[in-house]
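Inspection log for the structure reproduced underneath, given as C-alpha coordinates.
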Amino acid sequence: MTYLMRDFLLVLAVFVACVVESVEALTIVLAVGVTRGWHATMRGVAAGLATLAVIVAALGPALTVIPINALRLVVGGLLLIFGLGWLRKAILRGAGFKALHDEDAIFQRQREAAEHAEHTGLFGDSYSFTLAFKGVLLEGLEVAFIVLTFGANQSNIPLAAVGAVAAVLLVTGVGIAIRAPLARVPENSLKFVVGVLLTSFGIFWGVEGAGGSWPGSDAALIGIIAFVLGGALAAVAGLRRLHDERSARARVDAPPVATVQS
Amino acid sequence: MNRAVRGVRAFGLFWWDFIVGDDWRIAAGVIVALGLTAALARTSVPTWWLMPVAVALLLGTSLWRSVRSSDNS
(Lines give C-alpha, C1' and ligand atoms only; values in the text may rest on other atoms or scores of the structure.)
Protein backbone atom coordinates (compact mmCIF):
# COMPACT_ATOMS: atom_id res chain seq x y z
CA MET A 1 0.00 0.00 0.00
CA THR A 2 1.39 3.43 -0.90
CA TYR A 3 1.98 6.05 1.78
CA LEU A 4 -0.66 8.20 0.07
CA MET A 5 -3.28 5.44 0.36
CA ARG A 6 -2.36 4.80 3.97
CA ASP A 7 -2.58 8.51 4.81
CA PHE A 8 -5.93 8.75 3.03
CA LEU A 9 -7.34 5.85 5.07
CA LEU A 10 -6.04 7.46 8.27
CA VAL A 11 -7.72 10.81 7.52
CA LEU A 12 -10.92 9.08 6.39
CA ALA A 13 -11.16 6.93 9.54
CA VAL A 14 -10.50 9.90 11.85
CA PHE A 15 -12.84 12.18 9.87
CA VAL A 16 -15.83 9.79 9.95
CA ALA A 17 -15.32 8.89 13.62
CA CYS A 18 -15.05 12.56 14.60
CA VAL A 19 -18.14 13.54 12.59
CA VAL A 20 -20.16 11.12 14.75
CA GLU A 21 -18.75 12.53 18.01
CA SER A 22 -19.22 16.13 16.85
CA VAL A 23 -22.84 15.52 15.90
CA GLU A 24 -23.54 14.20 19.41
CA ALA A 25 -21.84 17.17 21.10
CA LEU A 26 -23.53 19.67 18.79
CA THR A 27 -26.96 18.18 19.50
CA ILE A 28 -26.53 18.92 23.21
CA VAL A 29 -25.10 22.42 22.66
CA LEU A 30 -27.87 23.36 20.18
CA ALA A 31 -30.63 22.07 22.47
CA VAL A 32 -29.36 24.06 25.46
CA GLY A 33 -28.37 27.18 23.51
CA VAL A 34 -31.66 27.49 21.62
CA THR A 35 -33.83 27.06 24.73
CA ARG A 36 -31.83 28.87 27.42
CA GLY A 37 -29.67 31.34 25.54
CA TRP A 38 -26.17 31.19 24.17
CA HIS A 39 -24.19 33.12 26.80
CA ALA A 40 -23.70 30.45 29.47
CA THR A 41 -23.85 27.71 26.86
CA MET A 42 -20.89 29.12 24.96
CA ARG A 43 -19.00 29.58 28.23
CA GLY A 44 -19.59 25.90 28.88
CA VAL A 45 -18.33 25.07 25.40
CA ALA A 46 -15.23 27.22 25.94
CA ALA A 47 -14.53 25.68 29.36
CA GLY A 48 -14.99 22.19 27.92
CA LEU A 49 -12.57 22.92 25.07
CA ALA A 50 -10.02 24.43 27.49
CA THR A 51 -10.17 21.38 29.78
CA LEU A 52 -9.86 19.16 26.75
CA ALA A 53 -6.77 21.04 25.56
CA VAL A 54 -5.08 20.53 28.95
CA ILE A 55 -5.87 16.80 28.92
CA VAL A 56 -4.63 16.38 25.34
CA ALA A 57 -1.46 18.36 26.10
CA ALA A 58 -0.81 16.12 29.12
CA LEU A 59 -1.61 12.83 27.41
CA GLY A 60 -0.14 13.48 23.96
CA PRO A 61 3.54 13.24 24.90
CA ALA A 62 2.82 10.38 27.32
CA LEU A 63 1.26 8.38 24.53
CA THR A 64 4.14 8.90 22.11
CA VAL A 65 6.94 7.81 24.51
CA ILE A 66 5.28 4.44 25.07
CA PRO A 67 7.00 1.72 22.99
CA ILE A 68 5.16 1.43 19.69
CA ASN A 69 4.26 -2.25 20.02
CA ALA A 70 2.90 -1.81 23.55
CA LEU A 71 0.91 1.19 22.26
CA ARG A 72 -0.42 -0.83 19.34
CA LEU A 73 -1.46 -3.66 21.65
CA VAL A 74 -3.30 -1.39 24.11
CA VAL A 75 -4.80 0.85 21.45
CA GLY A 76 -5.66 -2.09 19.19
CA GLY A 77 -7.48 -3.71 22.10
CA LEU A 78 -9.35 -0.52 23.02
CA LEU A 79 -10.30 0.19 19.42
CA LEU A 80 -11.55 -3.35 19.05
CA ILE A 81 -13.67 -3.06 22.18
CA PHE A 82 -15.08 0.35 21.10
CA GLY A 83 -15.46 -0.72 17.47
CA LEU A 84 -17.23 -3.98 18.26
CA GLY A 85 -19.57 -2.10 20.60
CA TRP A 86 -20.48 0.44 17.88
CA LEU A 87 -20.77 -2.24 15.22
CA ARG A 88 -22.95 -4.46 17.41
CA LYS A 89 -25.40 -1.63 18.08
CA ALA A 90 -25.40 -0.46 14.44
CA ILE A 91 -26.12 -4.01 13.23
CA LEU A 92 -28.94 -4.47 15.74
CA ARG A 93 -30.41 -1.08 14.69
CA GLY A 94 -30.01 -1.86 10.99
CA ALA A 95 -31.78 -5.20 11.48
CA GLY A 96 -34.63 -3.64 13.48
CA PHE A 97 -33.81 -5.24 16.84
CA LYS A 98 -32.92 -1.88 18.40
CA ALA A 99 -34.55 1.51 17.99
CA LEU A 100 -32.67 3.89 15.70
CA HIS A 101 -30.69 6.53 17.60
CA ASP A 102 -32.98 9.49 17.04
CA GLU A 103 -31.31 12.90 17.26
CA ASP A 104 -34.77 14.53 17.15
CA ALA A 105 -35.80 12.66 20.30
CA ILE A 106 -32.53 13.53 22.06
CA PHE A 107 -32.92 17.18 21.09
CA GLN A 108 -36.48 17.18 22.40
CA ARG A 109 -35.45 15.48 25.68
CA GLN A 110 -32.59 17.92 26.24
CA ARG A 111 -34.93 20.81 25.44
CA GLU A 112 -37.62 19.67 27.89
CA ALA A 113 -35.04 19.06 30.63
CA ALA A 114 -33.51 22.47 29.94
CA GLU A 115 -36.86 24.25 30.14
CA HIS A 116 -37.62 22.72 33.55
CA ALA A 117 -34.28 23.52 35.17
CA GLU A 118 -33.63 26.57 37.35
CA HIS A 119 -31.78 29.61 36.02
CA THR A 120 -29.20 30.00 38.79
CA GLY A 121 -25.49 29.69 39.47
CA LEU A 122 -22.02 31.18 39.20
CA PHE A 123 -22.02 31.31 35.39
CA GLY A 124 -25.42 33.00 35.07
CA ASP A 125 -27.05 29.74 34.13
CA SER A 126 -25.18 26.83 35.65
CA TYR A 127 -27.43 24.29 33.98
CA SER A 128 -26.60 25.47 30.46
CA PHE A 129 -22.94 25.79 31.40
CA THR A 130 -22.74 22.28 32.87
CA LEU A 131 -24.64 20.59 30.06
CA ALA A 132 -22.56 22.25 27.35
CA PHE A 133 -19.34 21.63 29.31
CA LYS A 134 -20.11 17.94 29.82
CA GLY A 135 -21.22 17.39 26.24
CA VAL A 136 -18.17 19.07 24.72
CA LEU A 137 -15.69 17.49 27.16
CA LEU A 138 -16.99 13.94 26.84
CA GLU A 139 -17.37 13.94 23.07
CA GLY A 140 -14.16 15.95 22.71
CA LEU A 141 -12.29 13.34 24.77
CA GLU A 142 -13.43 10.71 22.32
CA VAL A 143 -12.25 12.87 19.40
CA ALA A 144 -8.88 13.41 21.13
CA PHE A 145 -8.60 9.69 21.81
CA ILE A 146 -9.25 8.87 18.16
CA VAL A 147 -6.74 11.48 16.94
CA LEU A 148 -3.96 10.50 19.36
CA THR A 149 -4.35 6.75 18.91
CA PHE A 150 -4.83 6.68 15.15
CA GLY A 151 -2.16 9.35 14.67
CA ALA A 152 0.41 7.84 17.07
CA ASN A 153 0.03 4.40 15.54
CA GLN A 154 0.86 5.71 12.09
CA SER A 155 3.37 8.22 13.50
CA ASN A 156 1.34 11.08 12.09
CA ILE A 157 -0.72 12.84 14.75
CA PRO A 158 -0.86 16.12 12.73
CA LEU A 159 -2.50 14.31 9.78
CA ALA A 160 -5.02 12.64 12.10
CA ALA A 161 -5.70 16.06 13.63
CA VAL A 162 -6.44 17.41 10.12
CA GLY A 163 -9.18 14.78 9.73
CA ALA A 164 -10.61 15.64 13.16
CA VAL A 165 -10.50 19.42 12.63
CA ALA A 166 -12.18 19.01 9.22
CA ALA A 167 -14.93 16.92 10.82
CA VAL A 168 -15.50 19.36 13.70
CA LEU A 169 -15.52 22.38 11.35
CA LEU A 170 -17.91 20.64 8.97
CA VAL A 171 -20.39 19.64 11.69
CA THR A 172 -20.12 23.03 13.40
CA GLY A 173 -20.74 24.78 10.08
CA VAL A 174 -23.73 22.58 9.36
CA GLY A 175 -25.04 23.13 12.90
CA ILE A 176 -24.75 26.90 12.62
CA ALA A 177 -26.40 26.83 9.19
CA ILE A 178 -29.42 24.77 10.16
CA ARG A 179 -29.67 25.43 13.92
CA ALA A 180 -32.14 22.60 14.13
CA PRO A 181 -32.23 18.93 15.06
CA LEU A 182 -29.61 16.88 13.27
CA ALA A 183 -31.90 14.00 12.42
CA ARG A 184 -31.12 14.35 8.72
CA VAL A 185 -27.60 13.07 9.35
CA PRO A 186 -27.90 9.30 8.90
CA GLU A 187 -26.31 8.59 12.25
CA ASN A 188 -26.67 4.82 12.23
CA SER A 189 -24.98 4.55 8.83
CA LEU A 190 -22.11 6.66 10.15
CA LYS A 191 -21.84 4.52 13.26
CA PHE A 192 -21.86 1.38 11.14
CA VAL A 193 -18.95 2.67 9.02
CA VAL A 194 -17.06 3.88 12.11
CA GLY A 195 -17.62 0.50 13.80
CA VAL A 196 -16.20 -1.29 10.74
CA LEU A 197 -13.14 1.02 10.61
CA LEU A 198 -12.41 0.93 14.37
CA THR A 199 -12.74 -2.85 14.44
CA SER A 200 -10.51 -3.26 11.36
CA PHE A 201 -7.78 -0.95 12.69
CA GLY A 202 -8.11 -2.68 16.08
CA ILE A 203 -7.56 -6.12 14.54
CA PHE A 204 -4.59 -4.84 12.51
CA TRP A 205 -2.81 -3.03 15.35
CA GLY A 206 -3.73 -5.64 17.96
CA VAL A 207 -2.00 -8.44 16.02
CA GLU A 208 1.08 -6.26 15.32
CA GLY A 209 1.22 -5.14 18.95
CA ALA A 210 1.01 -8.73 20.15
CA GLY A 211 4.11 -9.54 18.10
CA GLY A 212 2.41 -11.00 15.02
CA SER A 213 2.75 -9.89 11.42
CA TRP A 214 0.35 -9.60 8.48
CA PRO A 215 0.80 -11.18 5.08
CA GLY A 216 1.29 -8.24 2.70
CA SER A 217 2.11 -5.91 5.62
CA ASP A 218 -0.01 -2.72 5.57
CA ALA A 219 -1.96 -3.86 2.48
CA ALA A 220 -3.64 -6.43 4.74
CA LEU A 221 -5.66 -3.57 6.22
CA ILE A 222 -7.79 -3.39 3.05
CA GLY A 223 -8.49 -7.12 3.31
CA ILE A 224 -9.40 -6.76 7.00
CA ILE A 225 -11.81 -3.88 6.24
CA ALA A 226 -13.43 -5.98 3.49
CA PHE A 227 -13.70 -8.95 5.87
CA VAL A 228 -15.28 -6.92 8.69
CA LEU A 229 -17.58 -4.98 6.32
CA GLY A 230 -18.73 -8.16 4.56
CA GLY A 231 -19.38 -9.93 7.87
CA ALA A 232 -21.28 -6.95 9.29
CA LEU A 233 -23.46 -6.54 6.18
CA ALA A 234 -24.20 -10.28 6.20
CA ALA A 235 -25.15 -10.02 9.89
CA VAL A 236 -27.54 -7.12 9.18
CA ALA A 237 -29.15 -9.03 6.28
CA GLY A 238 -29.50 -12.26 8.29
CA LEU A 239 -30.86 -10.57 11.41
CA ARG A 240 -33.24 -8.37 9.40
CA ARG A 241 -34.72 -11.50 7.80
CA LEU A 242 -35.12 -13.05 11.27
CA HIS A 243 -36.73 -9.84 12.58
CA ASP A 244 -39.17 -9.69 9.66
CA GLU A 245 -40.12 -13.35 10.12
CA ARG A 246 -40.78 -12.78 13.82
CA SER A 247 -42.83 -9.66 13.12
CA ALA A 248 -44.92 -11.53 10.54
CA ARG A 249 -45.46 -14.44 12.96
CA ALA A 250 -46.44 -12.04 15.76
CA ARG A 251 -49.03 -10.39 13.50
CA VAL A 252 -50.54 -13.80 12.61
CA ASP A 253 -50.60 -14.94 16.26
CA ALA A 254 -52.06 -11.67 17.58
CA PRO A 255 -55.72 -11.87 18.63
CA PRO A 256 -58.13 -9.85 16.46
CA VAL A 257 -58.71 -6.33 17.69
CA ALA A 258 -62.17 -5.97 19.27
CA THR A 259 -64.37 -3.39 17.61
CA VAL A 260 -66.15 -0.90 19.82
CA GLN A 261 -69.92 -0.73 19.40
CA SER A 262 -71.12 2.84 19.43
CA MET B 1 -21.77 5.97 51.80
CA ASN B 2 -19.66 9.09 52.20
CA ARG B 3 -18.96 11.61 49.47
CA ALA B 4 -15.40 10.42 48.68
CA VAL B 5 -16.50 6.79 48.23
CA ARG B 6 -19.38 7.90 46.04
CA GLY B 7 -16.97 9.99 43.96
CA VAL B 8 -14.54 7.09 43.48
CA ARG B 9 -17.45 4.80 42.62
CA ALA B 10 -18.86 7.27 40.08
CA PHE B 11 -15.38 7.71 38.55
CA GLY B 12 -14.95 3.95 38.24
CA LEU B 13 -18.42 3.50 36.78
CA PHE B 14 -17.79 6.26 34.22
CA TRP B 15 -14.62 4.58 32.93
CA TRP B 16 -16.18 1.11 33.04
CA ASP B 17 -19.11 2.39 30.97
CA PHE B 18 -16.82 4.41 28.67
CA ILE B 19 -14.49 1.50 27.89
CA VAL B 20 -16.42 -1.73 28.42
CA GLY B 21 -19.91 -0.58 27.38
CA ASP B 22 -22.93 -2.84 27.12
CA ASP B 23 -21.32 -6.26 26.81
CA TRP B 24 -18.36 -7.02 29.09
CA ARG B 25 -17.85 -10.36 27.35
CA ILE B 26 -16.62 -8.53 24.23
CA ALA B 27 -13.94 -6.74 26.26
CA ALA B 28 -12.95 -9.96 28.05
CA GLY B 29 -12.88 -11.87 24.75
CA VAL B 30 -10.68 -9.25 23.06
CA ILE B 31 -8.17 -9.41 25.95
CA VAL B 32 -8.09 -13.23 25.83
CA ALA B 33 -7.70 -13.24 22.02
CA LEU B 34 -4.84 -10.71 22.18
CA GLY B 35 -3.16 -12.82 24.89
CA LEU B 36 -3.46 -15.94 22.73
CA THR B 37 -2.07 -14.03 19.73
CA ALA B 38 0.90 -12.87 21.83
CA ALA B 39 1.50 -16.45 23.01
CA LEU B 40 1.24 -17.80 19.47
CA ALA B 41 3.66 -15.12 18.22
CA ARG B 42 6.40 -16.76 20.33
CA THR B 43 6.07 -19.92 18.24
CA SER B 44 6.66 -20.49 14.54
CA VAL B 45 2.90 -20.72 13.85
CA PRO B 46 1.38 -17.76 11.89
CA THR B 47 -0.73 -15.55 14.17
CA TRP B 48 -2.62 -13.17 11.87
CA TRP B 49 -5.71 -15.41 11.45
CA LEU B 50 -6.53 -15.62 15.15
CA MET B 51 -7.92 -12.09 15.72
CA PRO B 52 -10.30 -12.05 12.70
CA VAL B 53 -11.68 -15.42 13.79
CA ALA B 54 -11.99 -14.25 17.42
CA VAL B 55 -13.72 -11.02 16.34
CA ALA B 56 -16.21 -12.92 14.17
CA LEU B 57 -17.01 -15.26 17.08
CA LEU B 58 -17.26 -12.45 19.66
CA LEU B 59 -19.51 -10.28 17.50
CA GLY B 60 -21.64 -13.23 16.42
CA THR B 61 -22.24 -14.51 19.95
CA SER B 62 -22.88 -10.99 21.28
CA LEU B 63 -25.47 -10.35 18.55
CA TRP B 64 -27.06 -13.73 19.22
CA ARG B 65 -27.33 -12.97 22.95
CA SER B 66 -29.00 -9.62 22.18
CA VAL B 67 -31.48 -11.22 19.79
CA ARG B 68 -32.31 -13.96 22.30
CA SER B 69 -32.78 -11.45 25.11
CA SER B 70 -35.15 -9.45 22.87
CA ASP B 71 -37.02 -12.77 22.42
CA ASN B 72 -37.50 -13.12 26.17
CA SER B 73 -38.49 -9.51 26.81
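Note on naming: chains are A, B, ... as they come in the C-alpha coordinates, residues start from 1 per chain, ligands start from 1 in the order shown.
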
What residues in chain A lie within 7 Å of chain B, counting only C-alpha atoms, written as a PyMOL selection string? chain A and resi 77+81-82+84-85+88+203+206-207+210-214

Please extract the residues of chain B with a backbone DSSP assignment of helix (DSSP H, G or I) and present them as a ChimeraX atom specification. /B:3-19,24-41,50-72

Could you jot down the CA of Ala132 (chain A) to CA of Ala53 (chain A) separation for me, Å, one decimal place?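 Going from CA of Ala132 (chain A) over to CA of Ala53 (chain A) covers 15.9 Å.
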
What is the CA of Gly163 (chain A) to CA of Leu87 (chain A) distance in Å?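 Straight-line distance from CA of Gly163 (chain A) to CA of Leu87 (chain A) works out to 21.3 Å.
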
Between CA of Lys134 (chain A) and CA of Val8 (chain B), what distance in Å does the model show, to one decimal?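 The value is 18.3 Å.
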
Please list as a list in words every residue within 8 Å of region 231-246 of chain A, counting only C-alpha atoms and excluding residues in the same chain fewer than 3 positions away.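 Here the qualifying residues turn out to be Leu87, Ile91, Leu92, Gly94, Ala95, Gly96, Phe97, Val196, Phe227, Val228, Arg249 and Ala250 of chain A; Ala56 of chain B.
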